Amino acid sequence: MPLRPPADVAAAAARGLEVRATKPPSERGGTEVGLARARDLSNRRVVSFDTVLRMARYFARHLIDREGATWSEQGKGWQAWQLWGGDAGVRWALTVMRREAPALYEAFIETRTGRKLREQFTSSGESQ
């Protein structure tokens with residue numbers, strides 16, 4: 001099923017691309033996959049449900065990056081997080097998962113990082 005990223009997700013990805021472009025090469029975050037994701041999201045291109053699942057998995061793996069020393073300086077971890085849609089991307093991915101694949105969502109939030117994502121990025125720990 002095709003899904004169009006919301007404006008706040010697009011804005012976060014665009015901001016990640018903008019900040020990354022201002023940094024010297026040694027301070028640029030994101031992989032080729034993250035850059036491709038950011039281009040799609042920032043242009044609000046329709047993405048597949050599988051892509052939304054990859055976003056949720058990315059955020060679960062990289063939640064720890066938010067505690068990195070350079071996060072507040074828009075370092076590599078911050079840039080990469082934004083390239084994937086930032087905090088708005090987390091909320092969107094969780095909402096889409098819960099709506100489109102409730103069993104998969106429930107299994108995801110049973111993981112330690114999935115549970116942390118839900119707790120940190122949804123109101124009262126529940127997706128809207």
# chains A, B, ... in the order shown; residues from 1 in each chain; ligands from 1
>>> closest_atom_pairs(of="range 59-109 of chain A", to="range 114-125 of chain A", cutoff="8 Å", atoms="only C-alpha atoms", output="Markdown table")
| residue | atom | partner | partner_atom | distance |
| --- | --- | --- | --- | --- |
| A:Phe59 | CA | A:Leu117 | CA | 7.8 |
| A:Ala60 | CA | A:Gly114 | CA | 5.8 |
| A:Leu63 | CA | A:Leu117 | CA | 7.6 |
| A:Asp87 | CA | A:Phe121 | CA | 7.2 |
| A:Val90 | CA | A:Phe121 | CA | 6.9 |
| A:Arg91 | CA | A:Phe121 | CA | 5.9 |
| A:Leu94 | CA | A:Arg118 | CA | 7.5 |
| A:Phe108 | CA | A:Gly114 | CA | 5.4 |
| A:Ile109 | CA | A:Gly114 | CA | 4.2 |
>>> residues_around(residues="Ala14 in chain A", least_positions_apart="6", cutoff="8 Å", atoms="only C-alpha atoms", output="PyMOL selection string")
chain A and resi 38-39+41-42+82-83
>>> write_last_selection(atoms="N, CA, C and O atoms", output="PDB file, in the first residue's frame")
ATOM      1  N   ALA A  38      15.990  10.215   2.737  1.00  0.00           N
ATOM      2  CA  ALA A  38      15.733  11.637   2.968  1.00  0.00           C
ATOM      3  C   ALA A  38      15.222  12.327   1.704  1.00  0.00           C
ATOM      4  O   ALA A  38      14.316  13.172   1.775  1.00  0.00           O
ATOM      5  N   ARG A  39      15.781  11.975   0.566  1.00  0.00           N
ATOM      6  CA  ARG A  39      15.306  12.586  -0.685  1.00  0.00           C
ATOM      7  C   ARG A  39      13.844  12.208  -0.943  1.00  0.00           C
ATOM      8  O   ARG A  39      13.033  13.059  -1.306  1.00  0.00           O
ATOM      9  N   LEU A  41      11.584  11.214   1.337  1.00  0.00           N
ATOM     10  CA  LEU A  41      10.719  11.807   2.365  1.00  0.00           C
ATOM     11  C   LEU A  41      10.573  13.311   2.177  1.00  0.00           C
ATOM     12  O   LEU A  41       9.466  13.853   2.272  1.00  0.00           O
ATOM     13  N   SER A  42      11.677  14.003   1.922  1.00  0.00           N
ATOM     14  CA  SER A  42      11.622  15.459   1.811  1.00  0.00           C
ATOM     15  C   SER A  42      10.798  15.899   0.605  1.00  0.00           C
ATOM     16  O   SER A  42      10.212  16.986   0.622  1.00  0.00           O
ATOM     17  N   GLN A  82      17.480  12.710  11.391  1.00  0.00           N
ATOM     18  CA  GLN A  82      16.634  13.607  10.607  1.00  0.00           C
ATOM     19  C   GLN A  82      16.426  13.082   9.189  1.00  0.00           C
ATOM     20  O   GLN A  82      15.332  13.208   8.632  1.00  0.00           O
ATOM     21  N   LEU A  83      17.472  12.515   8.606  1.00  0.00           N
ATOM     22  CA  LEU A  83      17.359  11.990   7.244  1.00  0.00           C
ATOM     23  C   LEU A  83      16.252  10.949   7.139  1.00  0.00           C
ATOM     24  O   LEU A  83      15.610  10.816   6.098  1.00  0.00           O
TER      25      LEU A  83
END
>>> closest_residue(among="A:Asp50, A:Asn43, A:Ala21, A:Arg15", to="Met97 in chain A", atoms="only C-alpha atoms")
A:Asp50
